[in-house]
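Reproduced below: upload.cif, with mmCIF, C-alpha atoms.
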data_run
#
loop_
_atom_site.label_atom_id
_atom_site.label_comp_id
_atom_site.auth_asym_id
_atom_site.auth_seq_id
_atom_site.Cartn_x
_atom_site.Cartn_y
_atom_site.Cartn_z
CA MET A 12 0.00 0.00 0.00
CA SER A 13 1.40 3.38 -1.03
CA LYS A 14 0.70 6.27 1.31
CA PRO A 15 -0.35 9.58 -0.26
CA ILE A 16 2.17 12.40 0.03
CA VAL A 17 1.04 15.85 1.21
CA ALA A 18 3.35 18.87 0.83
CA ILE A 19 2.99 22.10 2.80
CA VAL A 20 4.12 25.00 0.62
CA GLY A 21 3.99 28.79 0.70
CA ARG A 22 6.26 31.79 0.89
CA PRO A 23 8.61 32.09 3.89
CA ASN A 24 7.38 32.88 7.39
CA VAL A 25 3.67 32.13 6.99
CA GLY A 26 3.71 29.30 9.56
CA LYS A 27 4.47 26.20 7.51
CA SER A 28 6.75 24.62 10.12
CA THR A 29 4.32 25.36 12.96
CA LEU A 30 1.51 23.65 11.02
CA PHE A 31 3.79 20.75 10.15
CA ASN A 32 4.78 20.23 13.79
CA VAL A 33 1.17 20.29 14.99
CA LEU A 34 0.03 17.79 12.34
CA ALA A 35 3.09 15.56 12.89
CA GLY A 36 2.45 15.60 16.64
CA GLU A 37 5.99 16.49 17.60
CA THR A 38 8.43 19.33 17.17
CA ILE A 39 10.49 18.32 14.14
CA SER A 40 10.94 21.48 12.09
CA ILE A 41 12.88 24.46 13.36
CA VAL A 42 10.40 27.24 14.13
CA LYS A 43 11.85 30.73 14.19
CA ASP A 44 10.59 34.14 13.12
CA THR A 45 13.18 34.54 10.39
CA PRO A 46 12.29 33.83 6.75
CA GLY A 47 14.32 30.93 5.42
CA VAL A 48 15.00 29.07 8.68
CA THR A 49 13.46 25.83 7.38
CA ARG A 50 15.94 25.14 4.62
CA ASP A 51 15.56 21.40 4.20
CA ARG A 52 12.39 19.51 3.52
CA ILE A 53 11.45 17.41 6.48
CA TYR A 54 8.91 14.59 6.39
CA ALA A 55 6.74 12.76 8.90
CA ASP A 56 4.17 9.96 8.87
CA CYS A 57 0.74 11.29 9.84
CA SER A 58 -2.81 10.00 10.13
CA TRP A 59 -6.26 11.55 10.18
CA LEU A 60 -9.24 9.38 11.12
CA ASP A 61 -8.46 6.09 9.35
CA MET A 62 -6.20 7.56 6.66
CA ASN A 63 -2.39 7.55 6.72
CA PHE A 64 -0.20 9.87 4.69
CA THR A 65 3.33 11.27 4.52
CA LEU A 66 3.62 14.99 5.23
CA ILE A 67 6.45 17.10 3.77
CA ASP A 68 7.54 20.44 5.17
CA THR A 69 9.31 22.70 2.68
CA GLY A 70 11.39 25.81 2.66
CA GLY A 71 9.36 28.83 1.58
CA ILE A 72 8.99 29.82 -2.06
CA GLU A 73 10.29 33.28 -2.97
CA PRO A 74 9.36 33.28 -6.67
CA ASP A 75 11.77 35.96 -7.89
CA SER A 76 14.52 35.83 -5.29
CA LYS A 77 18.14 35.74 -6.46
CA ASP A 78 19.32 34.90 -2.93
CA VAL A 79 21.17 31.57 -3.07
CA ILE A 80 19.46 29.98 -0.05
CA LEU A 81 15.99 31.15 -1.11
CA SER A 82 16.64 29.88 -4.64
CA GLN A 83 17.58 26.48 -3.24
CA MET A 84 14.46 26.49 -1.07
CA ARG A 85 12.35 27.30 -4.12
CA GLU A 86 13.81 24.29 -5.95
CA GLN A 87 13.14 22.08 -2.93
CA ALA A 88 9.55 23.28 -2.77
CA GLU A 89 9.09 22.72 -6.51
CA MET A 90 10.35 19.17 -6.10
CA ALA A 91 7.98 18.62 -3.19
CA ILE A 92 5.13 19.89 -5.37
CA ALA A 93 6.14 17.48 -8.17
CA THR A 94 6.24 14.56 -5.72
CA ALA A 95 3.09 15.33 -3.75
CA ASP A 96 -0.40 13.95 -4.31
CA VAL A 97 -2.03 16.89 -2.49
CA ILE A 98 -0.62 20.34 -1.65
CA ILE A 99 -1.50 22.51 1.36
CA PHE A 100 -0.88 26.11 0.27
CA ILE A 101 -0.51 28.24 3.39
CA VAL A 102 -0.91 32.04 3.52
CA ASP A 103 -0.90 34.61 6.35
CA VAL A 104 -4.14 36.44 7.20
CA ARG A 105 -2.27 39.13 9.16
CA GLN A 106 -0.02 40.09 6.24
CA GLY A 107 -2.93 39.82 3.83
CA MET A 108 -2.61 38.73 0.22
CA VAL A 109 0.71 39.82 -1.25
CA ASP A 110 2.17 39.61 -4.74
CA ALA A 111 4.36 36.63 -3.81
CA ASP A 112 1.24 34.63 -2.83
CA SER A 113 -0.17 35.16 -6.33
CA LYS A 114 3.09 33.95 -7.89
CA VAL A 115 3.14 30.84 -5.69
CA ALA A 116 -0.51 30.24 -6.69
CA ASP A 117 0.57 30.40 -10.36
CA ILE A 118 3.27 27.77 -9.72
CA LEU A 119 0.69 25.54 -8.02
CA ARG A 120 -1.86 25.94 -10.82
CA ARG A 121 0.74 24.82 -13.36
CA SER A 122 1.40 21.68 -11.29
CA ARG A 123 -2.23 20.56 -11.88
CA LYS A 124 -2.16 18.96 -8.42
CA PRO A 125 -5.06 19.24 -5.92
CA VAL A 126 -4.45 22.29 -3.70
CA VAL A 127 -6.03 23.05 -0.31
CA LEU A 128 -5.70 26.73 0.66
CA ALA A 129 -5.04 27.29 4.39
CA VAL A 130 -5.24 30.86 5.71
CA ASN A 131 -3.09 30.75 8.84
CA LYS A 132 -2.96 32.85 12.04
CA VAL A 133 -6.76 33.19 12.28
CA ASP A 134 -6.75 33.04 16.08
CA SER A 135 -10.12 34.79 16.28
CA PHE A 136 -12.73 34.35 13.57
CA ALA A 137 -14.60 37.42 14.87
CA LYS A 138 -11.49 39.52 14.38
CA PHE A 139 -10.03 38.05 11.17
CA GLY A 140 -13.03 36.26 9.58
CA ASN A 141 -13.72 38.85 6.88
CA ASP A 142 -10.04 39.07 5.98
CA VAL A 143 -10.05 35.39 4.96
CA TYR A 144 -12.30 36.08 1.97
CA GLU A 145 -9.63 38.23 0.31
CA PHE A 146 -7.77 34.99 -0.54
CA TYR A 147 -10.54 33.88 -2.91
CA ASN A 148 -8.74 36.25 -5.31
CA LEU A 149 -5.89 33.73 -5.62
CA GLY A 150 -8.24 31.57 -7.71
CA ILE A 151 -6.95 28.43 -6.04
CA GLY A 152 -10.15 27.34 -4.27
CA GLU A 153 -11.97 27.97 -1.01
CA PRO A 154 -9.76 29.42 1.75
CA ILE A 155 -9.90 27.46 5.03
CA PRO A 156 -9.20 29.57 8.15
CA VAL A 157 -6.77 27.91 10.57
CA SER A 158 -4.45 28.79 13.41
CA ALA A 159 -1.54 26.38 13.59
CA ALA A 160 -0.30 27.95 16.83
CA SER A 161 -3.74 27.72 18.52
CA ARG A 162 -4.69 24.44 16.77
CA LEU A 163 -7.91 25.86 15.35
CA GLY A 164 -9.57 24.70 12.13
CA LEU A 165 -7.22 21.75 11.60
CA GLY A 166 -9.99 19.13 11.37
CA GLU A 167 -11.66 20.95 8.50
CA LEU A 168 -8.28 21.38 6.81
CA LEU A 169 -7.43 17.67 7.09
CA ASP A 170 -10.90 16.66 5.89
CA ALA A 171 -10.33 18.78 2.77
CA VAL A 172 -6.88 17.26 2.23
CA CYS A 173 -8.04 13.65 2.65
CA ALA A 174 -10.97 14.23 0.27
CA HIS A 175 -8.39 14.46 -2.54
CA PHE A 176 -6.73 11.11 -1.81
CA ASP A 177 -7.03 8.54 -4.55
CA ALA A 178 -9.06 5.63 -3.14
CA SER A 179 -6.77 3.15 -4.90
CA GLN A 180 -3.83 4.46 -2.87
CA LEU A 181 -5.62 3.72 0.39
CA GLU A 182 -6.42 0.12 -0.49
CA GLU A 183 -4.13 -2.87 -0.56
CA GLU A 184 -2.93 -3.42 -4.09
CA ASP A 185 -3.68 -6.74 -5.81
CA ASP A 186 -0.37 -6.45 -7.64
CA ASP A 187 1.81 -9.06 -5.93
CA ARG A 188 4.93 -8.46 -8.03
CA PRO A 189 7.94 -7.70 -5.86
CA ARG A 190 8.62 -3.96 -5.91
CA ILE A 191 12.25 -2.95 -5.40
CA ALA A 192 13.34 0.64 -4.81
CA ILE A 193 16.89 1.42 -5.92
CA VAL A 194 18.04 4.21 -3.59
CA GLY A 195 21.28 6.00 -2.76
CA LYS A 196 23.09 9.26 -3.15
CA PRO A 197 23.11 10.93 -6.57
CA ASN A 198 25.55 9.51 -9.11
CA VAL A 199 26.30 6.17 -7.43
CA GLY A 200 25.01 4.17 -10.41
CA LYS A 201 21.32 3.55 -9.63
CA SER A 202 20.16 4.08 -13.22
CA SER A 203 23.09 2.07 -14.60
CA ILE A 204 22.08 -0.92 -12.47
CA ILE A 205 18.53 -0.86 -13.84
CA ASN A 206 19.78 -0.43 -17.41
CA LYS A 207 22.02 -3.48 -16.99
CA LEU A 208 19.19 -5.52 -15.49
CA THR A 209 16.78 -4.61 -18.29
CA GLY A 210 19.37 -5.00 -21.01
CA GLU A 211 18.34 -1.73 -22.57
CA ASN A 212 18.81 1.95 -21.84
CA ARG A 213 15.40 2.81 -20.46
CA VAL A 214 16.73 5.33 -17.93
CA ILE A 215 18.88 8.34 -18.82
CA VAL A 216 22.41 7.80 -17.50
CA SER A 217 24.76 10.75 -17.11
CA ASP A 218 27.81 11.65 -15.07
CA ILE A 219 26.02 14.77 -13.84
CA ALA A 220 24.62 14.10 -10.38
CA GLY A 221 20.85 14.44 -10.26
CA THR A 222 19.94 13.83 -13.91
CA THR A 223 17.14 11.39 -13.13
CA ARG A 224 14.18 13.70 -12.75
CA ASP A 225 11.37 11.45 -11.60
CA ALA A 226 10.96 8.07 -10.03
CA VAL A 227 10.64 5.56 -12.88
CA ASP A 228 9.08 2.09 -12.64
CA THR A 229 10.70 -0.58 -14.79
CA ALA A 230 9.28 -4.10 -15.02
CA VAL A 231 11.87 -6.84 -15.61
CA MET A 232 11.26 -10.56 -16.26
CA HIS A 233 13.79 -12.93 -14.72
CA GLY A 234 13.41 -16.68 -14.28
CA GLY A 235 9.69 -16.54 -15.00
CA GLN A 236 9.07 -13.91 -12.29
CA GLU A 237 8.31 -10.25 -12.98
CA TYR A 238 10.07 -7.69 -10.79
CA VAL A 239 9.26 -3.96 -10.64
CA PHE A 240 12.27 -1.73 -10.05
CA ILE A 241 11.66 1.83 -8.82
CA ASP A 242 14.52 4.13 -9.75
CA THR A 243 14.76 7.14 -7.46
CA ALA A 244 15.92 10.53 -8.47
CA GLY A 245 17.73 13.67 -7.65
CA LEU A 246 16.73 16.89 -9.35
CA ARG A 247 17.98 18.14 -12.69
CA ARG A 248 20.24 21.03 -11.86
CA LYS A 249 18.57 24.12 -13.25
CA SER A 250 21.21 26.61 -12.17
CA LYS A 251 24.88 26.88 -11.42
CA ILE A 252 24.22 26.99 -7.69
CA LYS A 253 26.23 24.30 -5.93
CA GLU A 254 23.23 22.73 -4.27
CA ASP A 255 23.59 20.42 -1.36
CA LEU A 256 22.22 17.43 -3.29
CA GLU A 257 21.49 15.52 -0.11
CA ARG A 258 18.29 17.45 0.51
CA TYR A 259 17.05 16.67 -2.99
CA SER A 260 17.44 12.92 -2.60
CA ILE A 261 15.62 12.51 0.70
CA ILE A 262 12.02 13.10 -0.40
CA ARG A 263 12.46 11.06 -3.58
CA THR A 264 13.71 8.26 -1.37
CA VAL A 265 10.73 8.53 0.98
CA ALA A 266 8.28 8.43 -1.93
CA ALA A 267 9.96 5.41 -3.54
CA VAL A 268 10.45 3.50 -0.28
CA GLU A 269 6.74 3.92 0.55
CA ARG A 270 5.87 2.03 -2.64
CA ALA A 271 8.51 -0.69 -2.32
CA ASP A 272 8.69 -4.07 -0.58
CA ILE A 273 12.47 -4.25 -0.71
CA VAL A 274 15.04 -1.44 -0.81
CA VAL A 275 18.42 -1.74 -2.49
CA LEU A 276 20.80 0.88 -1.10
CA VAL A 277 23.54 1.53 -3.65
CA ILE A 278 26.88 2.60 -2.17
CA ASP A 279 29.79 3.86 -4.28
CA ALA A 280 32.79 1.61 -3.53
CA THR A 281 35.19 4.38 -4.54
CA GLU A 282 33.73 6.71 -1.90
CA GLY A 283 32.89 4.20 0.81
CA VAL A 284 29.85 4.35 3.09
CA THR A 285 28.88 7.89 4.12
CA GLU A 286 26.64 9.61 6.66
CA GLN A 287 24.16 10.34 3.88
CA ASP A 288 24.01 6.61 3.04
CA ALA A 289 23.11 5.99 6.69
CA LYS A 290 20.30 8.58 6.51
CA ILE A 291 18.86 7.04 3.35
CA ALA A 292 19.08 3.52 4.81
CA GLY A 293 17.35 4.78 7.95
CA ILE A 294 14.27 5.74 5.92
CA ALA A 295 13.87 2.13 4.75
CA HIS A 296 14.63 0.73 8.22
CA ASP A 297 12.02 2.97 9.89
CA ARG A 298 9.40 1.74 7.44
CA GLY A 299 10.22 -1.93 7.98
CA LYS A 300 11.28 -2.66 4.40
CA GLY A 301 13.49 -5.49 3.22
CA MET A 302 17.07 -4.27 2.90
CA ILE A 303 19.92 -5.11 0.51
CA ILE A 304 23.15 -3.09 0.38
CA ALA A 305 24.71 -3.13 -3.10
CA VAL A 306 28.30 -1.87 -3.20
CA ASN A 307 28.67 -0.65 -6.79
CA LYS A 308 31.83 0.11 -8.83
CA TRP A 309 33.58 -2.82 -7.12
CA ASP A 310 35.59 -3.31 -10.32
CA ALA A 311 37.25 0.09 -9.71
CA ILE A 312 38.74 -0.91 -6.34
CA GLU A 313 42.25 -2.27 -5.86
CA LYS A 314 41.76 -5.41 -3.82
CA ASN A 315 43.67 -7.81 -1.62
CA ASP A 316 42.48 -10.77 0.47
CA LYS A 317 41.17 -8.44 3.23
CA THR A 318 39.38 -5.80 1.13
CA ILE A 319 35.88 -7.29 1.28
CA TYR A 320 36.20 -8.02 5.00
CA GLU A 321 37.34 -4.46 5.79
CA PHE A 322 34.67 -2.88 3.56
CA THR A 323 31.96 -5.07 5.07
CA LYS A 324 33.03 -4.15 8.61
CA LYS A 325 32.97 -0.43 7.81
CA ILE A 326 29.44 -0.69 6.38
CA ARG A 327 28.21 -2.80 9.31
CA ASP A 328 29.67 -0.30 11.78
CA THR A 329 28.09 2.71 10.03
CA LEU A 330 24.72 0.95 9.59
CA ALA A 331 24.85 -0.74 13.00
CA TYR A 332 21.08 -0.39 13.46
CA MET A 333 20.43 -2.79 10.57
CA PRO A 334 22.72 -5.81 11.03
CA TYR A 335 20.11 -7.91 9.21
CA ALA A 336 20.74 -6.18 5.84
CA GLU A 337 22.04 -8.42 3.05
CA MET A 338 25.14 -7.23 1.20
CA LEU A 339 26.36 -7.65 -2.38
CA PHE A 340 29.47 -6.32 -4.15
CA ILE A 341 28.66 -5.51 -7.77
CA SER A 342 29.63 -3.59 -10.86
CA ALA A 343 26.86 -2.09 -12.97
CA LYS A 344 29.47 -1.33 -15.62
CA THR A 345 30.66 -4.93 -16.13
CA GLY A 346 27.57 -6.69 -14.78
CA GLN A 347 29.69 -8.43 -12.12
CA ARG A 348 27.47 -10.38 -9.65
CA LEU A 349 24.42 -8.34 -10.73
CA ASN A 350 22.29 -11.43 -11.42
CA LYS A 351 22.80 -12.51 -7.81
CA LEU A 352 20.64 -9.54 -6.88
CA TYR A 353 17.56 -11.51 -7.94
CA ASP A 354 18.47 -14.41 -5.62
CA LEU A 355 18.85 -12.00 -2.72
CA ILE A 356 15.55 -10.26 -3.54
CA ASP A 357 13.77 -13.64 -3.57
CA ALA A 358 15.38 -14.67 -0.26
CA VAL A 359 14.54 -11.37 1.45
CA ARG A 360 10.97 -11.51 0.15
CA GLU A 361 10.57 -15.02 1.55
CA ASN A 362 11.88 -13.86 4.94
CA GLN A 363 9.56 -10.85 4.95
CA ASN A 364 6.59 -13.21 4.58
CA LEU A 365 7.83 -15.90 6.99
CA ARG A 366 5.41 -16.85 9.79
CA VAL A 367 6.55 -18.65 12.93
CA ALA A 368 4.14 -20.80 14.94
CA THR A 369 3.18 -19.37 18.33
CA GLY A 370 4.24 -22.53 20.17
CA VAL A 371 7.73 -22.38 18.67
CA LEU A 372 8.08 -18.66 19.48
CA ASN A 373 7.18 -19.28 23.11
CA GLU A 374 9.74 -22.10 23.35
CA ILE A 375 12.41 -19.71 22.05
CA MET A 376 11.33 -16.99 24.50
CA THR A 377 11.24 -19.37 27.48
CA GLU A 378 14.73 -20.60 26.68
CA ALA A 379 15.98 -17.02 26.22
CA VAL A 380 14.57 -15.97 29.62
CA ALA A 381 16.24 -19.00 31.27
CA LEU A 382 19.61 -18.06 29.74
CA GLN A 383 19.42 -14.35 30.63
CA GLN A 384 17.24 -13.14 33.46
CA PRO A 385 14.94 -10.23 32.55
CA PRO A 386 15.80 -6.83 34.06
CA SER A 387 14.30 -5.53 37.31
CA ASP A 388 13.77 -2.09 38.82
CA LYS A 389 13.20 -1.22 42.49
CA GLY A 390 12.60 -4.84 43.36
CA LYS A 391 10.10 -5.45 40.54
CA ARG A 392 11.24 -7.89 37.87
CA LEU A 393 10.06 -8.03 34.28
CA LYS A 394 7.94 -11.07 33.45
CA LEU A 395 7.40 -12.22 29.86
CA TYR A 396 4.12 -14.12 29.58
CA TYR A 397 3.54 -14.83 25.92
CA ILE A 398 4.72 -14.01 22.38
CA THR A 399 2.88 -14.33 19.09
CA GLN A 400 3.40 -13.17 15.51
CA VAL A 401 0.66 -10.84 14.27
CA ALA A 402 1.85 -9.66 10.84
CA VAL A 403 4.34 -10.04 7.98
CA LYS A 404 6.17 -7.48 5.78
CA PRO A 405 7.82 -6.87 8.20
CA PRO A 406 7.36 -9.81 10.57
CA THR A 407 5.72 -8.27 13.65
CA PHE A 408 5.52 -9.84 17.10
CA VAL A 409 3.52 -8.96 20.21
CA ILE A 410 5.07 -9.76 23.60
CA PHE A 411 2.81 -9.69 26.67
CA VAL A 412 4.61 -8.59 29.85
CA ASN A 413 3.75 -7.52 33.39
CA ASP A 414 5.22 -4.01 33.03
CA LYS A 415 6.09 -2.28 29.73
CA GLU A 416 8.46 0.13 31.50
CA LEU A 417 10.70 -2.77 32.51
CA MET A 418 11.02 -4.07 28.93
CA HIS A 419 14.20 -2.20 28.03
CA PHE A 420 15.24 -1.83 24.41
CA SER A 421 18.30 -3.99 25.05
CA TYR A 422 16.20 -6.93 26.28
CA THR A 423 13.85 -6.64 23.28
CA ARG A 424 16.95 -6.73 21.06
CA TYR A 425 18.13 -9.84 22.96
CA ILE A 426 14.82 -11.62 22.24
CA GLU A 427 15.04 -10.50 18.60
CA ASN A 428 18.54 -11.97 18.31
CA LYS A 429 17.32 -15.30 19.69
CA ILE A 430 14.50 -15.40 17.11
CA ARG A 431 16.98 -14.52 14.35
CA GLU A 432 19.34 -17.29 15.54
CA ALA A 433 16.52 -19.78 15.07
CA PHE A 434 14.94 -18.47 11.85
CA GLY A 435 17.43 -16.11 10.22
CA PHE A 436 15.08 -13.44 8.89
CA ARG A 437 18.02 -12.13 6.83
CA GLY A 438 17.31 -8.94 4.94
CA THR A 439 14.21 -7.90 6.88
CA SER A 440 13.69 -5.88 10.02
CA LEU A 441 11.52 -7.33 12.80
CA ARG A 442 9.00 -5.28 14.75
CA PHE A 443 8.08 -5.86 18.39
CA ILE A 444 4.98 -4.53 20.15
CA ILE A 445 5.07 -4.73 23.94
CA ARG A 446 1.70 -5.12 25.69
CA GLU A 447 0.96 -5.21 29.41
CA ARG A 448 -1.08 -7.93 31.04
CA SER A 449 -1.93 -7.92 34.73
CA GLY A 450 -1.24 -11.60 35.28
CA LYS A 451 -0.64 -14.85 33.46
CA GLU A 452 -3.87 -16.26 32.06
CA ASN A 453 -4.62 -19.94 32.46
#
Translate the structure of the given file into structure tokens.
Amino acid sequence: MSKPIVAIVGRPNVGKSTLFNVLAGETISIVKDTPGVTRDRIYADCSWLDMNFTLIDTGGIEPDSKDVILSQMREQAEMAIATADVIIFIVDVRQGMVDADSKVADILRRSRKPVVLAVNKVDSFAKFGNDVYEFYNLGIGEPIPVSAASRLGLGELLDAVCAHFDASQLEEEDDDRPRIAIVGKPNVGKSSIINKLTGENRVIVSDIAGTTRDAVDTAVMHGGQEYVFIDTAGLRRKSKIKEDLERYSIIRTVAAVERADIVVLVIDATEGVTEQDAKIAGIAHDRGKGMIIAVNKWDAIEKNDKTIYEFTKKIRDTLAYMPYAEMLFISAKTGQRLNKLYDLIDAVRENQNLRVATGVLNEIMTEAVALQQPPSDKGKRLKLYYITQVAVKPPTFVIFVNDKELMHFSYTRYIENKIREAFGFRGTSLRFIIRERSGKEN
């Protein structure tokens, strides 16, 4: 199931980050009364009633600004608009309608995306109610009065946003083909890998970072099975500004990962694993996707008998939160080991869908508890009553305990390791839900 993407856009300092933080339920964006403080898009998973969506916060759009940072923010916002299914266009009732609002409205009209117009800072409808109607002049639809700071009008706003969601996005798809997102920093060889797999140049390949404009789905037949590869993108560089390309890759990655079952993180062997690789991998990990790390350009590395071991250790150390990830050393240029990618995808997919009988899980847990006593606090010891698997993709387990506060992360990880020792689950994260129960049921 692919979650709709909602982008909050508008000129600087109209309250985008405040609205984002309220809807996301936590303070994620920097909020400061200086235009241009939110420079990077930030995203969060949100829900309203029974609908889930991904929310993107953007830097403000200054349509005609020559300022380097504001120009970069405009490009970020334009990418967010291109990626989004629905756009919240936010304006400021206290400043009134300004020329820049009209120019942003023009950009949004050209996108042909559904737009919901939010008039922010309406803390009192009696005081500002009539001023809201001025924004009908933008020609972008009915203005909805809200106050992000006072949390007023947000239900009506979210109702309007969710009304634009495509019903097919909110339903489980019948398409059971494995969907694989190829992610990574710009210019690490993502498009080249897909071209090699398809045997034809379906994706533009260039040495200029960020030449793949949009996510592209490519269906490939291999061994009688059809696979769908999702190529993620940077942004075509429209100016000579030396953009920080990291910010351009994040939202493309989020959008592609949402639609994928398995994520292939491509790392450039000549550069080694970087902090940005860890950020991109974290997006897939947080969403419980299958994970394969493909180290590309392996043919360009001078090797000895320890090279693979040392490279593997560095990647494992940097991506320590996902020790389950499968790893493959490849060359898109020569095709070296590329066909093994299919075997790994099949294995990871099988592990994602693996179900373990409740009786077997409880035997593993009982043995684990006997080997390592659960933690205690102030004389009260953690008791683990029961474990059962409740879902796949990723495999999800519920553990019933006497006190959730006593179930430390480290002990959950210990139980996870015991389950992995028994069943492997290579390539997929495992999720654990801890539930309290007052006493052991008979």
Quiz prompt | Two-atom distance - atom CA of Val359 of chain A, atom CA of Phe408 of chain A (Å) | solution = 18.1 Å
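Of note, atom CA of Asn364 of chain A and atom CA of Arg298 of chain A are spaced 15.5 Å apart.
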Can you spell out as a compact mmCIF listing (two decimals) with C-alpha atoms, in the frame of the given file the set of residues that the PyMOL selection byres ((chain A and resi 105) around 9) selects in the structure I just provided?
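Everything below was put into out17.txt:
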# COMPACT_ATOMS: atom_id res chain seq x y z
CA ASP A 103 -0.90 34.61 6.35
CA VAL A 104 -4.14 36.44 7.20
CA GLN A 106 -0.02 40.09 6.24
CA GLY A 107 -2.93 39.82 3.83
CA MET A 108 -2.61 38.73 0.22
CA ASN A 131 -3.09 30.75 8.84
CA LYS A 132 -2.96 32.85 12.04
CA VAL A 133 -6.76 33.19 12.28
CA PHE A 139 -10.03 38.05 11.17
CA ASP A 142 -10.04 39.07 5.98
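Using all atoms listed in the file, the smallest distance between any of A:Ile375, A:Val275, A:Ile426, A:Val367 and Tyr353 of chain A comes from A:Val275.
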Quiz item: Can you tell me, as number ranges by chain, what residues are no more than 12 Å from Leu163 of chain A when counting all atoms listed in the file, ignoring any on the same chain fewer than 3 positions away?
Solution: A: 30, 33-34, 129-136, 155-160, 166-169
Decode the PyMOL selection byres ((chain A and resi 92-100) around 6) for the given file into explicit residues and return them as a PDB file with C-alpha atoms, in the frame of the given file.
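Writing the result to out-v6.pdb gives the following:
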ATOM      1  CA  PRO A  15      -0.350   9.580  -0.260  1.00  0.00           C
ATOM      2  CA  ILE A  16       2.170  12.400   0.030  1.00  0.00           C
ATOM      3  CA  VAL A  17       1.040  15.850   1.210  1.00  0.00           C
ATOM      4  CA  ALA A  18       3.350  18.870   0.830  1.00  0.00           C
ATOM      5  CA  ILE A  19       2.990  22.100   2.800  1.00  0.00           C
ATOM      6  CA  VAL A  20       4.120  25.000   0.620  1.00  0.00           C
ATOM      7  CA  GLY A  21       3.990  28.790   0.700  1.00  0.00           C
ATOM      8  CA  GLU A  89       9.090  22.720  -6.510  1.00  0.00           C
ATOM      9  CA  MET A  90      10.350  19.170  -6.100  1.00  0.00           C
ATOM     10  CA  ALA A  91       7.980  18.620  -3.190  1.00  0.00           C
ATOM     11  CA  ILE A 101      -0.510  28.240   3.390  1.00  0.00           C
ATOM     12  CA  PRO A 125      -5.060  19.240  -5.920  1.00  0.00           C
ATOM     13  CA  VAL A 126      -4.450  22.290  -3.700  1.00  0.00           C
ATOM     14  CA  VAL A 127      -6.030  23.050  -0.310  1.00  0.00           C
ATOM     15  CA  LEU A 128      -5.700  26.730   0.660  1.00  0.00           C
ATOM     16  CA  ALA A 129      -5.040  27.290   4.390  1.00  0.00           C
TER      17      ALA A 129
END
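Counting from atom CA of Val25 of chain A, the distance to atom CA of Tyr144 of chain A is 17.2 Å.
For the choices A:Ala35, A:Ala171, A:Ile151, A:Ile294, the atom-to-atom distance to Asp117 of chain A is smallest for A:Ile151 when using all atoms listed in the file.
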If we draw a sphere of 10 Å around (9.7, -5.7, -1.6), which residues have at least one atom in it when counting all atoms listed in the file? Please report them as a compact mmCIF listing (two decimals) with C-alpha atoms, keeping the file's coordinate frame.
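Okay, this is what ended up in selection.txt:
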# COMPACT_ATOMS: atom_id res chain seq x y z
CA ASP A 187 1.81 -9.06 -5.93
CA ARG A 188 4.93 -8.46 -8.03
CA PRO A 189 7.94 -7.70 -5.86
CA ARG A 190 8.62 -3.96 -5.91
CA ILE A 191 12.25 -2.95 -5.40
CA ALA A 192 13.34 0.64 -4.81
CA TYR A 238 10.07 -7.69 -10.79
CA VAL A 239 9.26 -3.96 -10.64
CA PHE A 240 12.27 -1.73 -10.05
CA VAL A 268 10.45 3.50 -0.28
CA ARG A 270 5.87 2.03 -2.64
CA ALA A 271 8.51 -0.69 -2.32
CA ASP A 272 8.69 -4.07 -0.58
CA ILE A 273 12.47 -4.25 -0.71
CA VAL A 274 15.04 -1.44 -0.81
CA VAL A 275 18.42 -1.74 -2.49
CA LYS A 300 11.28 -2.66 4.40
CA GLY A 301 13.49 -5.49 3.22
CA MET A 302 17.07 -4.27 2.90
CA ILE A 356 15.55 -10.26 -3.54
CA ASP A 357 13.77 -13.64 -3.57
CA VAL A 359 14.54 -11.37 1.45
CA ARG A 360 10.97 -11.51 0.15
CA GLU A 361 10.57 -15.02 1.55
CA GLN A 363 9.56 -10.85 4.95
CA LYS A 404 6.17 -7.48 5.78
CA THR A 439 14.21 -7.90 6.88
Quiz item: Which residues fall under the PyMOL selection byres ((chain A and resi 278-285) around 6) in this file, as a ChimeraX atom specification?
Solution: /A:199,277,286-288,306-309
Quiz prompt | Nearby residues (all atoms listed in the file) at most 8 Å from Leu355 of chain A, same-chain spacing under 3 positions excluded, as a PyMOL selection string | solution = chain A and resi 303+337+351-352+358-359
Exercise. Fewer than 3 positions away in the same chain doesn't count, so skip those; otherwise give me all residues within 9 Å of Gly293 of chain A, counting all atoms listed in the file, as a ChimeraX atom specification.
Key: /A:288-290,296-298,330,332-333
Keeping C-alpha atoms, export the residues of the selection given above as a tab-separated table (two decimals), keeping the file's coordinate frame.
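Output below, filename out_26.tsv:
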chain	number	residue	atom	x	y	z
A	288	ASP	CA	24.01	6.61	3.04
A	289	ALA	CA	23.11	5.99	6.69
A	290	LYS	CA	20.30	8.58	6.51
A	296	HIS	CA	14.63	0.73	8.22
A	297	ASP	CA	12.02	2.97	9.89
A	298	ARG	CA	9.40	1.74	7.44
A	330	LEU	CA	24.72	0.95	9.59
A	332	TYR	CA	21.08	-0.39	13.46
A	333	MET	CA	20.43	-2.79	10.57
Please list as a short mmCIF file (atom, residue, chain, number, x, y, z; two decimals) with C-alpha atoms, in the coordinates of the input every residue within 9 Å of Phe436 of chain A, counting all atoms listed in the file and excluding residues in the same chain fewer than 5 positions away.
data_model
loop_
_atom_site.label_atom_id
_atom_site.label_comp_id
_atom_site.auth_asym_id
_atom_site.auth_seq_id
_atom_site.Cartn_x
_atom_site.Cartn_y
_atom_site.Cartn_z
CA TYR A 335 20.11 -7.91 9.21
CA VAL A 359 14.54 -11.37 1.45
CA GLU A 361 10.57 -15.02 1.55
CA ASN A 362 11.88 -13.86 4.94
CA GLN A 363 9.56 -10.85 4.95
CA LEU A 365 7.83 -15.90 6.99
CA PRO A 406 7.36 -9.81 10.57
CA ILE A 430 14.50 -15.40 17.11
CA ARG A 431 16.98 -14.52 14.35
CA LEU A 441 11.52 -7.33 12.80
#
